[in-house]
file my_file-v3.pdb (PDB, C-alpha atoms)
ATOM      1  CA  MET C   1     -45.143-201.629   9.377  1.00  0.00           C
ATOM      2  CA  ALA C   2     -42.221-199.282  10.092  1.00  0.00           C
ATOM      3  CA  LYS C   3     -42.391-197.939   6.548  1.00  0.00           C
ATOM      4  CA  LEU C   4     -46.070-197.070   7.059  1.00  0.00           C
ATOM      5  CA  ASN C   5     -45.225-195.108  10.224  1.00  0.00           C
ATOM      6  CA  ILE C   6     -42.496-193.173   8.397  1.00  0.00           C
ATOM      7  CA  PHE C   7     -44.997-192.394   5.620  1.00  0.00           C
ATOM      8  CA  LYS C   8     -47.587-191.209   8.170  1.00  0.00           C
ATOM      9  CA  ASN C   9     -44.969-189.039   9.879  1.00  0.00           C
ATOM     10  CA  LYS C  10     -43.898-187.547   6.536  1.00  0.00           C
ATOM     11  CA  ILE C  11     -47.506-186.672   5.714  1.00  0.00           C
ATOM     12  CA  PHE C  12     -48.073-185.178   9.168  1.00  0.00           C
ATOM     13  CA  VAL C  13     -44.884-183.095   9.082  1.00  0.00           C
ATOM     14  CA  SER C  14     -45.619-181.966   5.520  1.00  0.00           C
ATOM     15  CA  CYS C  15     -49.132-180.862   6.452  1.00  0.00           C
ATOM     16  CA  LEU C  16     -47.777-179.105   9.536  1.00  0.00           C
ATOM     17  CA  ILE C  17     -45.181-177.181   7.504  1.00  0.00           C
ATOM     18  CA  ILE C  18     -47.751-176.211   4.866  1.00  0.00           C
ATOM     19  CA  PHE C  19     -50.082-175.078   7.634  1.00  0.00           C
ATOM     20  CA  ILE C  20     -47.326-172.965   9.230  1.00  0.00           C
ATOM     21  CA  PHE C  21     -46.678-171.160   5.922  1.00  0.00           C
ATOM     22  CA  PHE C  22     -50.426-170.726   5.444  1.00  0.00           C
ATOM     23  CA  LEU C  23     -50.779-169.396   9.002  1.00  0.00           C
ATOM     24  CA  ILE C  24     -47.948-166.857   8.596  1.00  0.00           C
ATOM     25  CA  ASP C  25     -49.613-165.623   5.418  1.00  0.00           C
ATOM     26  CA  ARG C  26     -53.084-165.451   7.019  1.00  0.00           C
ATOM     27  CA  ILE C  27     -51.882-163.642  10.134  1.00  0.00           C
ATOM     28  CA  THR C  28     -49.987-160.985   8.190  1.00  0.00           C
ATOM     29  CA  LYS C  29     -52.907-160.421   5.803  1.00  0.00           C
ATOM     30  CA  GLU C  30     -55.392-160.194   8.672  1.00  0.00           C
ATOM     31  CA  LEU C  31     -53.187-157.730  10.559  1.00  0.00           C
ATOM     32  CA  VAL C  32     -53.024-155.460   7.520  1.00  0.00           C
ATOM     33  CA  ILE C  33     -56.742-155.763   6.748  1.00  0.00           C
ATOM     34  CA  ARG C  34     -57.718-155.056  10.376  1.00  0.00           C
ATOM     35  CA  TYR C  35     -55.397-152.052  10.509  1.00  0.00           C
ATOM     36  CA  VAL C  36     -57.013-150.589   7.401  1.00  0.00           C
ATOM     37  CA  GLU C  37     -60.518-151.298   8.699  1.00  0.00           C
ATOM     38  CA  ASN C  38     -59.768-149.668  12.060  1.00  0.00           C
ATOM     39  CA  ASN C  39     -57.842-146.657  10.745  1.00  0.00           C
ATOM     40  CA  PHE C  40     -59.489-146.092   7.340  1.00  0.00           C
ATOM     41  CA  ASP C  41     -56.034-145.723   5.821  1.00  0.00           C
ATOM     42  CA  TYR C  42     -54.636-148.030   3.145  1.00  0.00           C
ATOM     43  CA  GLU C  43     -51.118-146.634   3.639  1.00  0.00           C
ATOM     44  CA  ILE C  44     -49.871-148.319   6.788  1.00  0.00           C
ATOM     45  CA  PHE C  45     -46.158-147.572   6.506  1.00  0.00           C
ATOM     46  CA  THR C  46     -44.069-145.671   3.981  1.00  0.00           C
ATOM     47  CA  SER C  47     -40.321-145.242   3.627  1.00  0.00           C
ATOM     48  CA  ASN C  48     -37.706-144.647   0.944  1.00  0.00           C
ATOM     49  CA  TYR C  49     -37.716-148.295  -0.193  1.00  0.00           C
ATOM     50  CA  LEU C  50     -40.652-150.067   1.421  1.00  0.00           C
ATOM     51  CA  ASN C  51     -44.323-149.270   1.748  1.00  0.00           C
ATOM     52  CA  ILE C  52     -46.946-151.340   3.501  1.00  0.00           C
ATOM     53  CA  ILE C  53     -50.114-150.514   1.612  1.00  0.00           C
ATOM     54  CA  LEU C  54     -53.182-152.698   1.165  1.00  0.00           C
ATOM     55  CA  THR C  55     -54.254-153.486  -2.378  1.00  0.00           C
ATOM     56  CA  TRP C  56     -56.659-156.167  -3.563  1.00  0.00           C
ATOM     57  CA  ASN C  57     -55.564-158.440  -6.407  1.00  0.00           C
ATOM     58  CA  ASP C  58     -58.208-160.409  -8.303  1.00  0.00           C
ATOM     59  CA  GLY C  59     -55.736-161.719 -10.882  1.00  0.00           C
ATOM     60  CA  ILE C  60     -52.946-164.237 -10.504  1.00  0.00           C
ATOM     61  CA  ALA C  61     -49.353-163.581  -9.487  1.00  0.00           C
ATOM     62  CA  PHE C  62     -48.520-159.869  -9.305  1.00  0.00           C
ATOM     63  CA  GLY C  63     -51.967-158.834 -10.594  1.00  0.00           C
ATOM     64  CA  LEU C  64     -51.642-160.518 -13.969  1.00  0.00           C
ATOM     65  CA  LEU C  65     -54.886-161.573 -15.661  1.00  0.00           C
ATOM     66  CA  SER C  66     -57.086-159.380 -13.476  1.00  0.00           C
ATOM     67  CA  GLN C  67     -60.597-159.753 -14.795  1.00  0.00           C
ATOM     68  CA  ASN C  68     -64.077-158.553 -13.934  1.00  0.00           C
ATOM     69  CA  ASP C  69     -65.549-161.607 -15.686  1.00  0.00           C
ATOM     70  CA  SER C  70     -66.587-164.194 -13.066  1.00  0.00           C
ATOM     71  CA  LEU C  71     -66.288-167.087 -15.542  1.00  0.00           C
ATOM     72  CA  ILE C  72     -62.634-166.281 -16.238  1.00  0.00           C
ATOM     73  CA  TYR C  73     -62.020-165.722 -12.510  1.00  0.00           C
ATOM     74  CA  ASN C  74     -63.560-169.111 -11.703  1.00  0.00           C
ATOM     75  CA  LEU C  75     -61.583-170.857 -14.458  1.00  0.00           C
ATOM     76  CA  ILE C  76     -58.351-169.329 -13.161  1.00  0.00           C
ATOM     77  CA  SER C  77     -59.287-170.433  -9.627  1.00  0.00           C
ATOM     78  CA  LEU C  78     -59.959-173.973 -10.877  1.00  0.00           C
ATOM     79  CA  LEU C  79     -56.595-173.976 -12.657  1.00  0.00           C
ATOM     80  CA  ILE C  80     -54.852-172.822  -9.468  1.00  0.00           C
ATOM     81  CA  PHE C  81     -56.575-175.579  -7.466  1.00  0.00           C
ATOM     82  CA  THR C  82     -55.487-178.147 -10.065  1.00  0.00           C
ATOM     83  CA  ILE C  83     -51.897-176.899  -9.856  1.00  0.00           C
ATOM     84  CA  ILE C  84     -51.985-177.216  -6.057  1.00  0.00           C
ATOM     85  CA  LEU C  85     -53.137-180.846  -6.411  1.00  0.00           C
ATOM     86  CA  VAL C  86     -50.341-181.573  -8.906  1.00  0.00           C
ATOM     87  CA  LEU C  87     -47.790-180.038  -6.524  1.00  0.00           C
ATOM     88  CA  VAL C  88     -49.095-182.190  -3.668  1.00  0.00           C
ATOM     89  CA  TRP C  89     -48.797-185.246  -5.928  1.00  0.00           C
ATOM     90  CA  MET C  90     -45.206-184.216  -6.774  1.00  0.00           C
ATOM     91  CA  LEU C  91     -44.292-184.375  -3.071  1.00  0.00           C
ATOM     92  CA  LYS C  92     -44.213-188.171  -3.149  1.00  0.00           C
ATOM     93  CA  SER C  93     -41.320-188.255  -5.618  1.00  0.00           C
ATOM     94  CA  ASN C  94     -39.231-185.473  -4.079  1.00  0.00           C
ATOM     95  CA  TYR C  95     -37.027-185.306  -1.015  1.00  0.00           C
ATOM     96  CA  GLY C  96     -34.613-182.981   0.709  1.00  0.00           C
ATOM     97  CA  ILE C  97     -34.478-179.357  -0.333  1.00  0.00           C
ATOM     98  CA  SER C  98     -36.730-179.857  -3.372  1.00  0.00           C
ATOM     99  CA  PHE C  99     -39.350-181.373  -1.053  1.00  0.00           C
ATOM    100  CA  PHE C 100     -39.102-178.298   1.185  1.00  0.00           C
ATOM    101  CA  ALA C 101     -39.326-176.013  -1.875  1.00  0.00           C
ATOM    102  CA  LEU C 102     -42.571-177.736  -2.883  1.00  0.00           C
ATOM    103  CA  LEU C 103     -43.909-177.264   0.656  1.00  0.00           C
ATOM    104  CA  LEU C 104     -43.127-173.536   0.378  1.00  0.00           C
ATOM    105  CA  ILE C 105     -44.913-173.290  -2.972  1.00  0.00           C
ATOM    106  CA  ILE C 106     -47.933-175.274  -1.753  1.00  0.00           C
ATOM    107  CA  GLY C 107     -48.185-173.281   1.497  1.00  0.00           C
ATOM    108  CA  GLY C 108     -48.141-169.995  -0.413  1.00  0.00           C
ATOM    109  CA  ALA C 109     -50.515-171.234  -3.093  1.00  0.00           C
ATOM    110  CA  VAL C 110     -53.011-172.461  -0.498  1.00  0.00           C
ATOM    111  CA  GLY C 111     -52.823-169.075   1.253  1.00  0.00           C
ATOM    112  CA  ASN C 112     -53.643-167.142  -1.900  1.00  0.00           C
ATOM    113  CA  PHE C 113     -56.221-169.715  -3.034  1.00  0.00           C
ATOM    114  CA  TYR C 114     -57.997-169.354   0.316  1.00  0.00           C
ATOM    115  CA  ASP C 115     -58.320-165.605  -0.288  1.00  0.00           C
ATOM    116  CA  ARG C 116     -59.581-166.148  -3.836  1.00  0.00           C
ATOM    117  CA  ILE C 117     -62.360-168.362  -2.489  1.00  0.00           C
ATOM    118  CA  VAL C 118     -63.227-166.459   0.709  1.00  0.00           C
ATOM    119  CA  ASN C 119     -62.589-162.823  -0.318  1.00  0.00           C
ATOM    120  CA  LYS C 120     -62.867-163.138  -4.127  1.00  0.00           C
ATOM    121  CA  SER C 121     -59.548-161.275  -4.175  1.00  0.00           C
ATOM    122  CA  VAL C 122     -56.076-161.588  -2.642  1.00  0.00           C
ATOM    123  CA  PRO C 123     -54.792-158.884  -0.276  1.00  0.00           C
ATOM    124  CA  ASP C 124     -51.298-157.702  -1.205  1.00  0.00           C
ATOM    125  CA  PHE C 125     -49.423-155.200   0.915  1.00  0.00           C
ATOM    126  CA  ILE C 126     -45.626-155.304   0.511  1.00  0.00           C
ATOM    127  CA  ASP C 127     -44.483-152.586  -1.904  1.00  0.00           C
ATOM    128  CA  PHE C 128     -40.735-152.372  -2.596  1.00  0.00           C
ATOM    129  CA  HIS C 129     -39.649-149.386  -4.623  1.00  0.00           C
ATOM    130  CA  VAL C 130     -36.635-147.358  -5.655  1.00  0.00           C
ATOM    131  CA  GLY C 131     -37.594-143.775  -6.377  1.00  0.00           C
ATOM    132  CA  GLU C 132     -40.602-143.886  -8.678  1.00  0.00           C
ATOM    133  CA  PHE C 133     -40.001-147.501  -9.763  1.00  0.00           C
ATOM    134  CA  HIS C 134     -42.313-149.815  -7.810  1.00  0.00           C
ATOM    135  CA  TRP C 135     -42.141-153.590  -7.964  1.00  0.00           C
ATOM    136  CA  PHE C 136     -45.485-155.407  -7.957  1.00  0.00           C
ATOM    137  CA  VAL C 137     -47.226-155.294  -4.571  1.00  0.00           C
ATOM    138  CA  PHE C 138     -47.156-158.753  -2.990  1.00  0.00           C
ATOM    139  CA  ASN C 139     -47.756-160.713   0.226  1.00  0.00           C
ATOM    140  CA  PHE C 140     -46.028-163.467   2.206  1.00  0.00           C
ATOM    141  CA  ALA C 141     -47.707-166.226   0.188  1.00  0.00           C
ATOM    142  CA  ASP C 142     -46.065-164.728  -2.911  1.00  0.00           C
ATOM    143  CA  VAL C 143     -42.728-164.685  -1.058  1.00  0.00           C
ATOM    144  CA  PHE C 144     -43.079-168.384  -0.166  1.00  0.00           C
ATOM    145  CA  ILE C 145     -44.033-169.295  -3.742  1.00  0.00           C
ATOM    146  CA  SER C 146     -41.166-167.242  -5.217  1.00  0.00           C
ATOM    147  CA  ILE C 147     -38.547-168.699  -2.860  1.00  0.00           C
ATOM    148  CA  GLY C 148     -39.806-172.227  -3.583  1.00  0.00           C
ATOM    149  CA  VAL C 149     -39.683-171.670  -7.343  1.00  0.00           C
ATOM    150  CA  ILE C 150     -36.195-170.130  -7.140  1.00  0.00           C
ATOM    151  CA  ILE C 151     -34.976-173.143  -5.145  1.00  0.00           C
ATOM    152  CA  MET C 152     -36.477-175.539  -7.689  1.00  0.00           C
ATOM    153  CA  ILE C 153     -34.879-173.662 -10.588  1.00  0.00           C
ATOM    154  CA  PHE C 154     -31.531-173.596  -8.775  1.00  0.00           C
ATOM    155  CA  ILE C 155     -31.735-177.365  -8.150  1.00  0.00           C
ATOM    156  CA  GLU C 156     -32.680-178.036 -11.770  1.00  0.00           C
ATOM    157  CA  ILE C 157     -29.856-175.913 -13.160  1.00  0.00           C
ATOM    158  CA  PHE C 158     -27.046-176.931 -10.825  1.00  0.00           C
ATOM    159  CA  PHE C 159     -27.904-180.455  -9.658  1.00  0.00           C
ATOM    160  CA  ASN C 160     -29.795-182.068 -12.536  1.00  0.00           C
ATOM    161  CA  ILE C 161     -27.350-181.289 -15.321  1.00  0.00           C
ATOM    162  CA  LYS C 162     -27.764-183.737 -18.171  1.00  0.00           C
ATOM    163  CA  TYR C 163     -25.300-183.814 -21.028  1.00  0.00           C
ATOM    164  CA  ASN C 164     -26.199-184.806 -24.558  1.00  0.00           C
ATOM    165  CA  GLU C 165     -24.180-187.785 -25.616  1.00  0.00           C
TER
END
call {"tool": "encode", "arguments": {"input": "my_file-v3.pdb", "output": "structure tokens"}}
result
Amino acid sequence: MAKLNIFKNKIFVSCLIIFIFFLIDRITKELVIRYVENNFDYEIFTSNYLNIILTWNDGIAFGLLSQNDSLIYNLISLLIFTIILVLVWMLKSNYGISFFALLLIIGGAVGNFYDRIVNKSVPDFIDFHVGEFHWFVFNFADVFISIGVIIMIFIEIFFNIKYNE
């Protein structure tokens, strides 16, 4: 019985953490969208290294695979949903920092997936640049996904070293 309670608590805490990441992403996107709607200006903030500028991404990460074809868009969306389900399934066999990394990835993926379904496009607004070189415009969901992936790669490289015998 105690094991069942621990399992229920783990599910509850996991859902709460995913929801917090999702909420941070939603709030920041909504703030940017509302600013643009109220001020009719897509450039919210500009500086030497950072711009806050609303762009709409109908592709996957960093605007890759942007398509006008609704069939391809829907197939990509289905693939993303499938990946989210696989990541949720992976939670049961992970713990510690890798568990948290998966929560980051899932929270970010759910945030962007929500926009794909509701808005048919994902709002991106963080634009880092040095001079004329601009990195891809991204959002907080992308930050969560990237940090989670980096943590997972770091764990795989430095803590799961397997030697050929």
call {"tool": "closest_residue", "arguments": {"input": "my_file-v3.pdb", "among": "C:Leu79, C:Ile17, C:Ile126, C:Leu91", "to": "Asp142 of chain C", "atoms": "all atoms listed in the file"}}
result
C:Ile126
call {"tool": "resolve_selection", "arguments": {"input": "my_file-v3.pdb", "expression": "the PyMOL selection byres ((chain C and resi 109) around 12)", "output": "count of residues only"}}
result
44
call {"tool": "atom_distance", "arguments": {"input": "my_file-v3.pdb", "atom1": "atom CA of Ile27 of chain C", "atom2": "atom CA of Asp58 of chain C"}}
result
19.8 Å
call {"tool": "atom_distance", "arguments": {"input": "my_file-v3.pdb", "atom1": "atom CA of Ser70 of chain C", "atom2": "atom CA of Val32 of chain C"}}
result
26.2 Å
call {"tool": "atom_distance", "arguments": {"input": "my_file-v3.pdb", "atom1": "atom CA of Phe12 of chain C", "atom2": "atom CA of Ile155 of chain C"}}
result
25.1 Å
call {"tool": "resolve_selection", "arguments": {"input": "my_file-v3.pdb", "expression": "the PyMOL selection byres ((chain C and resi 45) around 12)", "output": "PyMOL selection string"}}
result
chain C and resi 32+35-36+41-44+46-54+125-128
call {"tool": "closest_residue", "arguments": {"input": "my_file-v3.pdb", "among": "C:Phe40, C:Trp89, C:Met152, C:Ala101", "to": "Ile11 of chain C", "atoms": "only C-alpha atoms"}}
result
C:Trp89
